[in-house]
$ cat structure.txt   # compact mmCIF, C-alpha atoms
# COMPACT_ATOMS: atom_id res chain seq x y z
CA MET A 3 -3.55 22.96 -23.89
CA GLY A 4 -1.03 25.69 -23.15
CA LYS A 5 -1.92 29.03 -21.66
CA THR A 6 -1.65 30.82 -24.99
CA ALA A 7 -4.06 28.42 -26.67
CA LEU A 8 -6.51 28.76 -23.80
CA MET A 9 -6.31 32.54 -23.91
CA LYS A 10 -6.83 32.46 -27.66
CA ARG A 11 -9.96 30.39 -27.21
CA TYR A 12 -11.20 32.86 -24.63
CA SER A 13 -10.61 35.88 -26.82
CA ARG A 14 -12.59 34.51 -29.73
CA ARG A 15 -15.32 33.15 -27.50
CA ASP A 16 -17.82 35.94 -27.93
CA GLU A 17 -17.78 36.07 -31.69
CA SER A 18 -18.05 32.32 -32.12
CA ASP A 19 -20.66 31.64 -29.48
CA PRO A 20 -22.50 34.54 -27.91
CA ALA A 21 -24.52 32.20 -25.70
CA ARG A 22 -21.40 31.62 -23.60
CA SER A 23 -21.33 35.18 -22.46
CA CYS A 24 -23.41 35.99 -19.43
CA THR A 25 -24.58 39.47 -20.27
CA GLU A 26 -24.24 41.08 -23.62
CA ASN A 27 -21.57 43.62 -22.83
CA VAL A 28 -19.56 41.95 -20.11
CA GLU A 29 -16.80 39.50 -21.00
CA LEU A 30 -16.54 36.68 -18.48
CA GLY A 31 -12.76 36.66 -18.90
CA GLY A 32 -12.53 32.96 -19.57
CA LEU A 33 -14.65 31.89 -16.60
CA ALA A 34 -17.20 30.21 -18.85
CA ASP A 35 -14.44 27.92 -20.10
CA LEU A 36 -13.47 26.72 -16.64
CA ILE A 37 -14.91 23.41 -15.51
CA GLY A 38 -15.44 24.69 -11.96
CA TYR A 39 -17.34 27.78 -13.00
CA ALA A 40 -19.45 25.96 -15.59
CA LEU A 41 -20.32 23.34 -12.97
CA LYS A 42 -21.36 25.94 -10.42
CA ARG A 43 -23.58 27.91 -12.78
CA THR A 44 -25.23 24.82 -14.22
CA GLN A 45 -25.71 23.35 -10.77
CA LEU A 46 -27.44 26.51 -9.56
CA ALA A 47 -29.80 26.56 -12.56
CA VAL A 48 -30.66 22.87 -12.09
CA TYR A 49 -31.09 23.42 -8.34
CA GLN A 50 -33.65 26.14 -9.06
CA ASP A 51 -35.47 23.80 -11.41
CA PHE A 52 -35.50 21.16 -8.69
CA GLN A 53 -36.85 23.61 -6.12
CA ARG A 54 -39.67 24.61 -8.43
CA THR A 55 -40.48 21.02 -9.37
CA PHE A 56 -40.67 19.80 -5.76
CA SER A 57 -41.76 22.92 -3.87
CA ASP A 58 -45.36 21.81 -3.35
CA LEU A 59 -44.06 18.62 -1.73
CA ASN A 60 -41.88 20.74 0.56
CA VAL A 61 -38.75 18.75 -0.30
CA ARG A 62 -35.28 20.21 -0.78
CA PRO A 63 -32.63 18.37 -2.81
CA VAL A 64 -30.79 17.18 0.30
CA GLN A 65 -34.04 15.77 1.72
CA TYR A 66 -34.71 14.00 -1.54
CA ALA A 67 -31.24 12.45 -1.28
CA LEU A 68 -31.86 11.24 2.27
CA ILE A 69 -35.29 9.78 1.54
CA SER A 70 -33.98 8.11 -1.57
CA VAL A 71 -31.02 6.44 0.16
CA ILE A 72 -33.00 5.36 3.23
CA GLY A 73 -35.74 3.94 0.99
CA CYS A 74 -33.20 2.01 -1.00
CA ASN A 75 -31.30 0.69 2.05
CA PRO A 76 -33.86 0.01 4.79
CA GLY A 77 -32.18 -0.41 8.17
CA LEU A 78 -28.97 1.39 7.26
CA LYS A 79 -27.19 3.28 10.01
CA GLN A 80 -26.98 7.01 10.38
CA SER A 81 -23.22 6.89 9.90
CA GLN A 82 -23.56 4.92 6.65
CA LEU A 83 -26.08 7.43 5.35
CA GLY A 84 -23.75 10.31 6.17
CA ALA A 85 -20.80 8.59 4.50
CA ALA A 86 -22.76 7.71 1.37
CA LEU A 87 -23.96 11.29 0.89
CA GLU A 88 -20.84 12.95 2.34
CA ILE A 89 -22.90 14.87 4.88
CA LYS A 90 -21.40 15.72 8.26
CA ARG A 91 -22.71 14.04 11.38
CA ALA A 92 -24.20 17.19 12.92
CA ASN A 93 -26.07 17.97 9.72
CA ILE A 94 -27.34 14.41 9.30
CA VAL A 95 -28.77 14.53 12.81
CA SER A 96 -30.79 17.70 12.21
CA LEU A 97 -31.91 16.53 8.76
CA LEU A 98 -33.16 13.26 10.27
CA ASP A 99 -34.89 15.16 13.07
CA GLU A 100 -36.81 17.00 10.38
CA LEU A 101 -37.81 13.79 8.56
CA GLU A 102 -38.93 12.24 11.86
CA GLU A 103 -40.98 15.29 12.78
CA ARG A 104 -42.74 15.04 9.43
CA ASN A 105 -43.32 11.35 10.04
CA LEU A 106 -41.37 10.38 6.92
CA ALA A 107 -38.60 8.31 8.55
CA ILE A 108 -37.94 6.61 11.87
CA ARG A 109 -34.80 5.85 13.85
CA SER A 110 -34.80 2.58 15.76
CA PRO A 111 -32.15 1.52 18.27
CA VAL A 112 -29.74 -1.18 17.10
CA ALA A 113 -29.52 -4.05 19.60
CA ALA A 114 -25.80 -4.60 19.10
CA ASP A 115 -24.81 -0.96 19.46
CA ARG A 116 -26.47 1.45 21.84
CA ARG A 117 -25.12 4.55 20.17
CA SER A 118 -26.32 3.55 16.74
CA TYR A 119 -29.67 3.87 14.97
CA ALA A 120 -31.21 1.96 12.10
CA LEU A 121 -33.16 4.07 9.64
CA HIS A 122 -36.39 3.23 7.86
CA LEU A 123 -38.96 5.16 5.90
CA THR A 124 -42.48 5.22 7.28
CA GLU A 125 -45.39 4.36 5.03
CA LYS A 126 -45.85 8.09 4.45
CA GLY A 127 -42.16 8.34 3.59
CA MET A 128 -42.43 5.51 1.08
CA GLU A 129 -45.41 7.15 -0.58
CA LEU A 130 -43.50 10.41 -0.82
CA LEU A 131 -40.46 8.62 -2.27
CA GLU A 132 -42.61 7.14 -5.01
CA LYS A 133 -43.97 10.58 -5.92
CA LEU A 134 -40.50 12.07 -5.86
CA GLN A 135 -39.13 9.38 -8.15
CA GLU A 136 -41.96 9.85 -10.63
CA ARG A 137 -41.41 13.58 -10.79
CA SER A 138 -37.70 13.11 -10.91
CA VAL A 139 -37.99 11.02 -14.06
CA GLU A 140 -40.01 13.84 -15.63
CA GLU A 141 -37.51 16.45 -14.46
CA GLU A 142 -34.63 14.49 -15.98
CA LYS A 143 -36.46 14.31 -19.29
CA ARG A 144 -37.04 18.05 -19.28
CA LEU A 145 -33.45 18.87 -18.34
CA ALA A 146 -32.16 16.55 -21.07
CA SER A 147 -34.62 17.79 -23.70
CA ARG A 148 -31.88 19.57 -25.61
CA ILE A 149 -28.94 17.19 -25.15
CA GLY A 150 -31.02 14.01 -25.58
CA GLN A 151 -30.67 10.71 -23.81
CA LYS A 152 -27.25 10.04 -25.31
CA GLY A 153 -26.02 13.47 -24.25
CA ARG A 154 -27.38 12.88 -20.77
CA GLU A 155 -25.44 9.65 -20.43
CA GLN A 156 -22.29 11.31 -21.76
CA LEU A 157 -22.74 14.12 -19.26
CA LEU A 158 -23.16 11.71 -16.33
CA THR A 159 -20.06 9.78 -17.42
CA LEU A 160 -17.95 12.92 -17.82
CA LEU A 161 -19.12 14.27 -14.46
CA ARG A 162 -18.26 11.00 -12.75
CA GLU A 163 -14.81 10.95 -14.30
CA VAL A 164 -14.06 14.54 -13.35
CA ARG A 165 -15.30 13.91 -9.83
CA GLU A 166 -13.09 10.85 -9.46
CA THR A 167 -10.13 12.83 -10.79
CA ALA A 168 -10.81 15.68 -8.34
CA ASP A 169 -11.33 13.23 -5.45
CA GLN A 170 -7.92 11.73 -6.17
CA LEU A 171 -6.31 15.17 -6.31
CA ASN A 172 -8.01 16.08 -3.02
CA GLN A 173 -6.74 13.04 -1.14
CA MET B 26 -36.90 6.97 -20.84
CA GLY B 27 -39.84 5.64 -18.82
CA LYS B 28 -39.79 5.07 -15.11
CA THR B 29 -39.43 1.32 -15.43
CA ALA B 30 -36.40 1.63 -17.70
CA LEU B 31 -34.81 4.09 -15.30
CA MET B 32 -35.43 1.79 -12.34
CA LYS B 33 -33.96 -1.11 -14.26
CA ARG B 34 -30.82 0.88 -14.93
CA TYR B 35 -30.58 1.75 -11.27
CA SER B 36 -30.97 -1.79 -10.10
CA ARG B 37 -28.20 -3.13 -12.26
CA ARG B 38 -25.95 -0.17 -11.56
CA ASP B 39 -23.84 -1.71 -8.86
CA GLU B 40 -22.90 -4.83 -10.74
CA SER B 41 -22.08 -3.04 -13.96
CA ASP B 42 -20.21 -0.10 -12.53
CA PRO B 43 -19.22 -0.18 -8.87
CA ALA B 44 -17.57 3.23 -9.16
CA ARG B 45 -21.00 4.82 -9.32
CA SER B 46 -21.83 3.73 -5.84
CA CYS B 47 -20.69 6.03 -3.07
CA THR B 48 -19.83 3.53 -0.42
CA GLU B 49 -19.53 -0.15 -0.92
CA ASN B 50 -22.62 -1.27 0.89
CA VAL B 51 -25.00 1.60 0.44
CA GLU B 52 -27.11 1.92 -2.70
CA LEU B 53 -27.61 5.50 -3.75
CA GLY B 54 -31.12 4.68 -4.92
CA GLY B 55 -30.66 6.17 -8.36
CA LEU B 56 -29.26 9.48 -7.12
CA ALA B 57 -26.02 8.97 -9.02
CA ASP B 58 -28.03 8.87 -12.24
CA LEU B 59 -29.69 12.23 -11.64
CA ILE B 60 -28.15 15.23 -13.38
CA GLY B 61 -28.72 17.45 -10.34
CA TYR B 62 -27.07 15.11 -7.88
CA ALA B 63 -24.14 14.33 -10.20
CA LEU B 64 -23.61 18.07 -10.73
CA LYS B 65 -23.63 18.80 -7.01
CA ARG B 66 -21.17 16.07 -6.08
CA THR B 67 -18.79 16.89 -8.93
CA GLN B 68 -19.03 20.58 -8.19
CA LEU B 69 -18.11 20.00 -4.54
CA ALA B 70 -15.09 17.86 -5.46
CA VAL B 71 -13.88 20.45 -7.99
CA TYR B 72 -14.50 23.24 -5.47
CA GLN B 73 -12.25 21.45 -2.97
CA ASP B 74 -9.58 21.12 -5.64
CA PHE B 75 -9.87 24.84 -6.35
CA GLN B 76 -9.58 25.71 -2.66
CA ARG B 77 -6.43 23.64 -2.33
CA THR B 78 -4.91 25.04 -5.53
CA PHE B 79 -5.49 28.66 -4.58
CA SER B 80 -5.35 28.57 -0.78
CA ASP B 81 -1.87 30.12 -0.47
CA LEU B 82 -3.09 33.07 -2.56
CA ASN B 83 -6.06 33.43 -0.19
CA VAL B 84 -8.55 33.44 -3.07
CA ARG B 85 -11.95 31.77 -3.02
CA PRO B 86 -13.73 30.81 -6.23
CA VAL B 87 -16.12 33.77 -6.04
CA GLN B 88 -13.18 36.16 -5.61
CA TYR B 89 -11.46 34.59 -8.59
CA ALA B 90 -14.62 35.23 -10.60
CA LEU B 91 -14.77 38.88 -9.57
CA ILE B 92 -11.10 39.57 -10.26
CA SER B 93 -11.34 37.82 -13.59
CA VAL B 94 -14.38 39.78 -14.79
CA ILE B 95 -13.11 43.16 -13.54
CA GLY B 96 -9.72 42.50 -15.17
CA CYS B 97 -11.39 41.64 -18.44
CA ASN B 98 -13.79 44.61 -18.39
CA PRO B 99 -11.96 47.58 -16.87
CA GLY B 100 -14.37 50.32 -15.86
CA LEU B 101 -17.45 48.12 -15.68
CA LYS B 102 -20.11 49.06 -13.17
CA GLN B 103 -20.91 47.21 -9.98
CA SER B 104 -24.39 46.39 -11.30
CA GLN B 105 -22.97 44.91 -14.53
CA LEU B 106 -20.57 42.77 -12.53
CA GLY B 107 -23.39 41.49 -10.35
CA ALA B 108 -25.57 40.71 -13.37
CA ALA B 109 -22.77 38.92 -15.23
CA LEU B 110 -22.00 36.68 -12.25
CA GLU B 111 -25.59 36.50 -10.95
CA ILE B 112 -24.53 37.74 -7.54
CA LYS B 113 -26.92 39.81 -5.46
CA ARG B 114 -26.22 43.48 -4.86
CA ALA B 115 -25.62 43.12 -1.12
CA ASN B 116 -23.13 40.33 -1.68
CA ILE B 117 -21.32 42.18 -4.46
CA VAL B 118 -20.86 45.15 -2.14
CA SER B 119 -19.21 43.15 0.62
CA LEU B 120 -17.10 41.16 -1.84
CA LEU B 121 -15.82 44.39 -3.39
CA ASP B 122 -15.13 45.83 0.07
CA GLU B 123 -12.87 42.86 0.64
CA LEU B 124 -11.02 43.33 -2.65
CA GLU B 125 -10.54 47.03 -1.91
CA GLU B 126 -9.24 46.33 1.59
CA ARG B 127 -6.67 43.99 0.08
CA ASN B 128 -5.76 46.66 -2.46
CA LEU B 129 -6.72 44.41 -5.38
CA ALA B 130 -9.48 46.54 -6.91
CA ILE B 131 -10.74 50.12 -6.72
CA ARG B 132 -14.16 51.72 -7.11
CA SER B 133 -14.18 55.14 -8.76
CA PRO B 134 -17.22 57.41 -8.94
CA VAL B 135 -18.87 57.65 -12.36
CA ALA B 136 -19.31 61.29 -13.44
CA ALA B 137 -22.68 60.72 -15.09
CA ASP B 138 -24.20 58.80 -12.21
CA ARG B 139 -23.55 59.60 -8.57
CA ARG B 140 -24.84 56.29 -7.31
CA SER B 141 -22.68 54.23 -9.62
CA TYR B 142 -19.07 53.06 -9.42
CA ALA B 143 -16.62 52.04 -12.10
CA LEU B 144 -14.41 49.10 -11.18
CA HIS B 145 -10.74 48.57 -11.98
CA LEU B 146 -8.05 46.22 -10.79
CA THR B 147 -5.03 47.78 -9.10
CA GLU B 148 -1.57 46.82 -10.25
CA LYS B 149 -1.49 44.31 -7.41
CA GLY B 150 -4.84 42.97 -8.61
CA MET B 151 -3.56 42.56 -12.15
CA GLU B 152 -0.51 40.67 -10.93
CA LEU B 153 -2.72 38.39 -8.90
CA LEU B 154 -5.02 37.81 -11.88
CA GLU B 155 -2.07 36.72 -13.97
CA LYS B 156 -1.00 34.21 -11.30
CA LEU B 157 -4.56 32.95 -10.97
CA GLN B 158 -4.92 32.43 -14.69
CA GLU B 159 -1.64 30.53 -14.90
CA ARG B 160 -2.66 28.22 -12.09
CA SER B 161 -6.11 27.88 -13.48
CA VAL B 162 -4.72 26.56 -16.77
CA GLU B 163 -2.78 23.96 -14.79
CA GLU B 164 -5.84 23.09 -12.69
CA GLU B 165 -7.94 22.57 -15.81
CA LYS B 166 -5.31 20.24 -17.22
CA ARG B 167 -5.29 18.20 -14.03
CA LEU B 168 -9.08 18.03 -13.81
CA ALA B 169 -9.29 16.95 -17.45
CA SER B 170 -6.43 14.46 -17.20
CA ARG B 171 -8.81 11.53 -17.44
CA ILE B 172 -11.42 12.85 -19.87
CA GLY B 173 -8.90 14.58 -22.17
CA GLN B 174 -9.23 17.84 -24.02
CA LYS B 175 -12.03 16.54 -26.21
CA GLY B 176 -13.96 15.30 -23.19
CA ARG B 177 -13.47 18.65 -21.49
CA GLU B 178 -14.96 20.48 -24.44
CA GLN B 179 -17.86 18.02 -24.59
CA LEU B 180 -18.46 18.53 -20.88
CA LEU B 181 -18.48 22.34 -21.20
CA THR B 182 -20.89 22.13 -24.13
CA LEU B 183 -23.24 19.73 -22.33
CA LEU B 184 -23.16 21.85 -19.16
CA ARG B 185 -23.98 24.98 -21.13
CA GLU B 186 -26.87 23.28 -22.88
CA VAL B 187 -28.33 21.91 -19.65
CA ARG B 188 -27.94 25.30 -18.00
CA GLU B 189 -29.74 27.02 -20.86
CA THR B 190 -32.50 24.42 -20.70
CA ALA B 191 -32.87 24.89 -16.94
CA ASP B 192 -32.78 28.69 -17.27
CA GLN B 193 -35.65 28.50 -19.73
CA LEU B 194 -37.62 26.20 -17.42
CA ASN B 195 -36.98 28.58 -14.52
CA GLN B 196 -38.27 31.66 -16.33

$ encode --input "structure.txt" --output "structure tokens"
Amino acid sequence: MGKTALMKRYSRRDESDPARSCTENVELGGLADLIGYALKRTQLAVYQDFQRTFSDLNVRPVQYALISVIGCNPGLKQSQLGAALEIKRANIVSLLDELEERNLAIRSPVAADRRSYALHLTEKGMELLEKLQERSVEEEKRLASRIGQKGREQLLTLLREVRETADQLNQ
Amino acid sequence: MGKTALMKRYSRRDESDPARSCTENVELGGLADLIGYALKRTQLAVYQDFQRTFSDLNVRPVQYALISVIGCNPGLKQSQLGAALEIKRANIVSLLDELEERNLAIRSPVAADRRSYALHLTEKGMELLEKLQERSVEEEKRLASRIGQKGREQLLTLLREVRETADQLNQ
């Protein structure tokens, strides 16, 4: 799509679909039609929903991710966890400290490598993971209530494809 | 979709679609199938692409958003800008300070309201906006190179619907 076509779409945006505009009198100047901006705004809204859904369990999205990956890969190393979630080493260390303090996960030394640790969930961690997964299924249903299961799968596919495209561009 | 069905999809994920897994040997434990996690990872990858695309112009995504909305709504008030972009007052103030220091935007007092400012882009700001929009069109094309124009429109629609659903849940 050329610039002119894109601009044209922007200019008729408000008449055709008022929901795309953020506040009634302010034009977003095409932002709402940019993948990056749409991703950011949707991500923030979903993040808030997550926070509300899991607040009584005192679990932030990043902690959910850690617990989920450790639970699914018992014995994995700290470095593998960081790579899988693309979290920097320093941050992984403090996040794991927090999980250990709450008695949700443990680090055990690896015989073959003194500098490395194998990660496992504790029993308490496994119980929490089960609760998180149950609620997560409910949260997904709620979030997809308008787009439906087919829309949800389309969305996940499109997101994966855009991410892979961006990852290639970023290399 | 019930929990069992979701789990079943997770467990066969790696065989059916290895691209969904983050690293070869680590299972993401269903994270890749969660809207929130998929949004976050895609958003980060697209954010990196944006940073690279606009780095020589010294413009971050949030600055792009500000310039774009001010350019599209000359004379709008600081509070309207903050509401449209859902940026807190304190942050809007320091972001606008930055734009003023770079001679990209100006705040003028509003006659009717001493505490309010009307925002405009300077000539330099308007020139920058034009450059940003041109590049942005190119960036969108690159990001959508795999999903195509139709996929891009589907993605924007699905994101908007999920965001509206989440916004309602968050109210």

$ closest_residue --input "structure.txt" --among "B:Ser119, B:Thr190, B:Thr182, B:Asn128" --to "chain A" --atoms "all atoms listed in the file"
B:Thr190

$ closest_residue --input "structure.txt" --among "A:Gly73, A:Gly84, A:Gly38, A:Pro111" --to "Asp74 (chain B)" --atoms "all atoms listed in the file"
A:Gly38

$ residues_around --input "structure.txt" --residues "Arg114 (chain B)" --least-positions-apart "6" --cutoff "9 Å" --atoms "only C-alpha atoms" --output "VMD selection string"
chain B and resid 103 to 104 107 to 108

$ atom_distance --input "structure.txt" --atom1 "CA of Val139 (chain A)" --atom2 "CA of Lys42 (chain A)"
22.6 Å

$ atom_distance --input "structure.txt" --atom1 "CA of Asn195 (chain B)" --atom2 "CA of Thr55 (chain A)"
9.8 Å

$ interface_residues --input "structure.txt" --of "chain A" --to "chain B" --cutoff "7 Å" --atoms "all atoms listed in the file" --output "number ranges by chain"
A: 5, 24-25, 28-31, 33, 35-38, 40-42, 44-45, 47-51, 67, 70-71, 74-75, 86, 136, 139, 142, 145-146, 148-149, 157-158, 160-161, 163-165, 167-169, 171-172

$ closest_residue --input "structure.txt" --among "A:Ser57, A:Arg116, A:Gln65, A:Leu130" --to "Leu98 (chain A)" --atoms "all atoms listed in the file"
A:Gln65

$ atom_distance --input "structure.txt" --atom1 "CA of Asn116 (chain B)" --atom2 "CA of Lys156 (chain B)"
24.9 Å

$ residues_around --input "structure.txt" --residues "Leu121 (chain A)" --least-positions-apart "4" --cutoff "6 Å" --atoms "all atoms listed in the file" --output "JSON list (two decimals) with C-alpha atoms, keeping the file's coordinate frame"
[["chain", "number", "residue", "atom", "x", "y", "z"],
["A", 77, "GLY", "CA", -32.18, -0.41, 8.17],
["A", 78, "LEU", "CA", -28.97, 1.39, 7.26],
["A", 108, "ILE", "CA", -37.94, 6.61, 11.87],
["A", 109, "ARG", "CA", -34.80, 5.85, 13.85]]

$ closest_residue --input "structure.txt" --among "B:Glu123, B:Ile112, B:Arg140, B:Ile117" --to "Val84 (chain B)" --atoms "only C-alpha atoms"
B:Glu123

$ residues_around --input "structure.txt" --residues "Leu129 (chain B)" --least-positions-apart "2" --cutoff "10 Å" --atoms "all atoms listed in the file" --output "PDB file with C-alpha atoms, keeping the file's coordinate frame"
ATOM      1  CA  ILE B  92     -11.100  39.570 -10.260  1.00  0.00           C
ATOM      2  CA  LEU B 121     -15.820  44.390  -3.390  1.00  0.00           C
ATOM      3  CA  GLU B 123     -12.870  42.860   0.640  1.00  0.00           C
ATOM      4  CA  LEU B 124     -11.020  43.330  -2.650  1.00  0.00           C
ATOM      5  CA  GLU B 125     -10.540  47.030  -1.910  1.00  0.00           C
ATOM      6  CA  GLU B 126      -9.240  46.330   1.590  1.00  0.00           C
ATOM      7  CA  ARG B 127      -6.670  43.990   0.080  1.00  0.00           C
ATOM      8  CA  ILE B 131     -10.740  50.120  -6.720  1.00  0.00           C
ATOM      9  CA  HIS B 145     -10.740  48.570 -11.980  1.00  0.00           C
ATOM     10  CA  LEU B 146      -8.050  46.220 -10.790  1.00  0.00           C
ATOM     11  CA  THR B 147      -5.030  47.780  -9.100  1.00  0.00           C
ATOM     12  CA  GLU B 148      -1.570  46.820 -10.250  1.00  0.00           C
ATOM     13  CA  LYS B 149      -1.490  44.310  -7.410  1.00  0.00           C
ATOM     14  CA  GLY B 150      -4.840  42.970  -8.610  1.00  0.00           C
ATOM     15  CA  MET B 151      -3.560  42.560 -12.150  1.00  0.00           C
ATOM     16  CA  GLU B 152      -0.510  40.670 -10.930  1.00  0.00           C
ATOM     17  CA  LEU B 153      -2.720  38.390  -8.900  1.00  0.00           C
ATOM     18  CA  LEU B 154      -5.020  37.810 -11.880  1.00  0.00           C
TER      19      LEU B 154
END
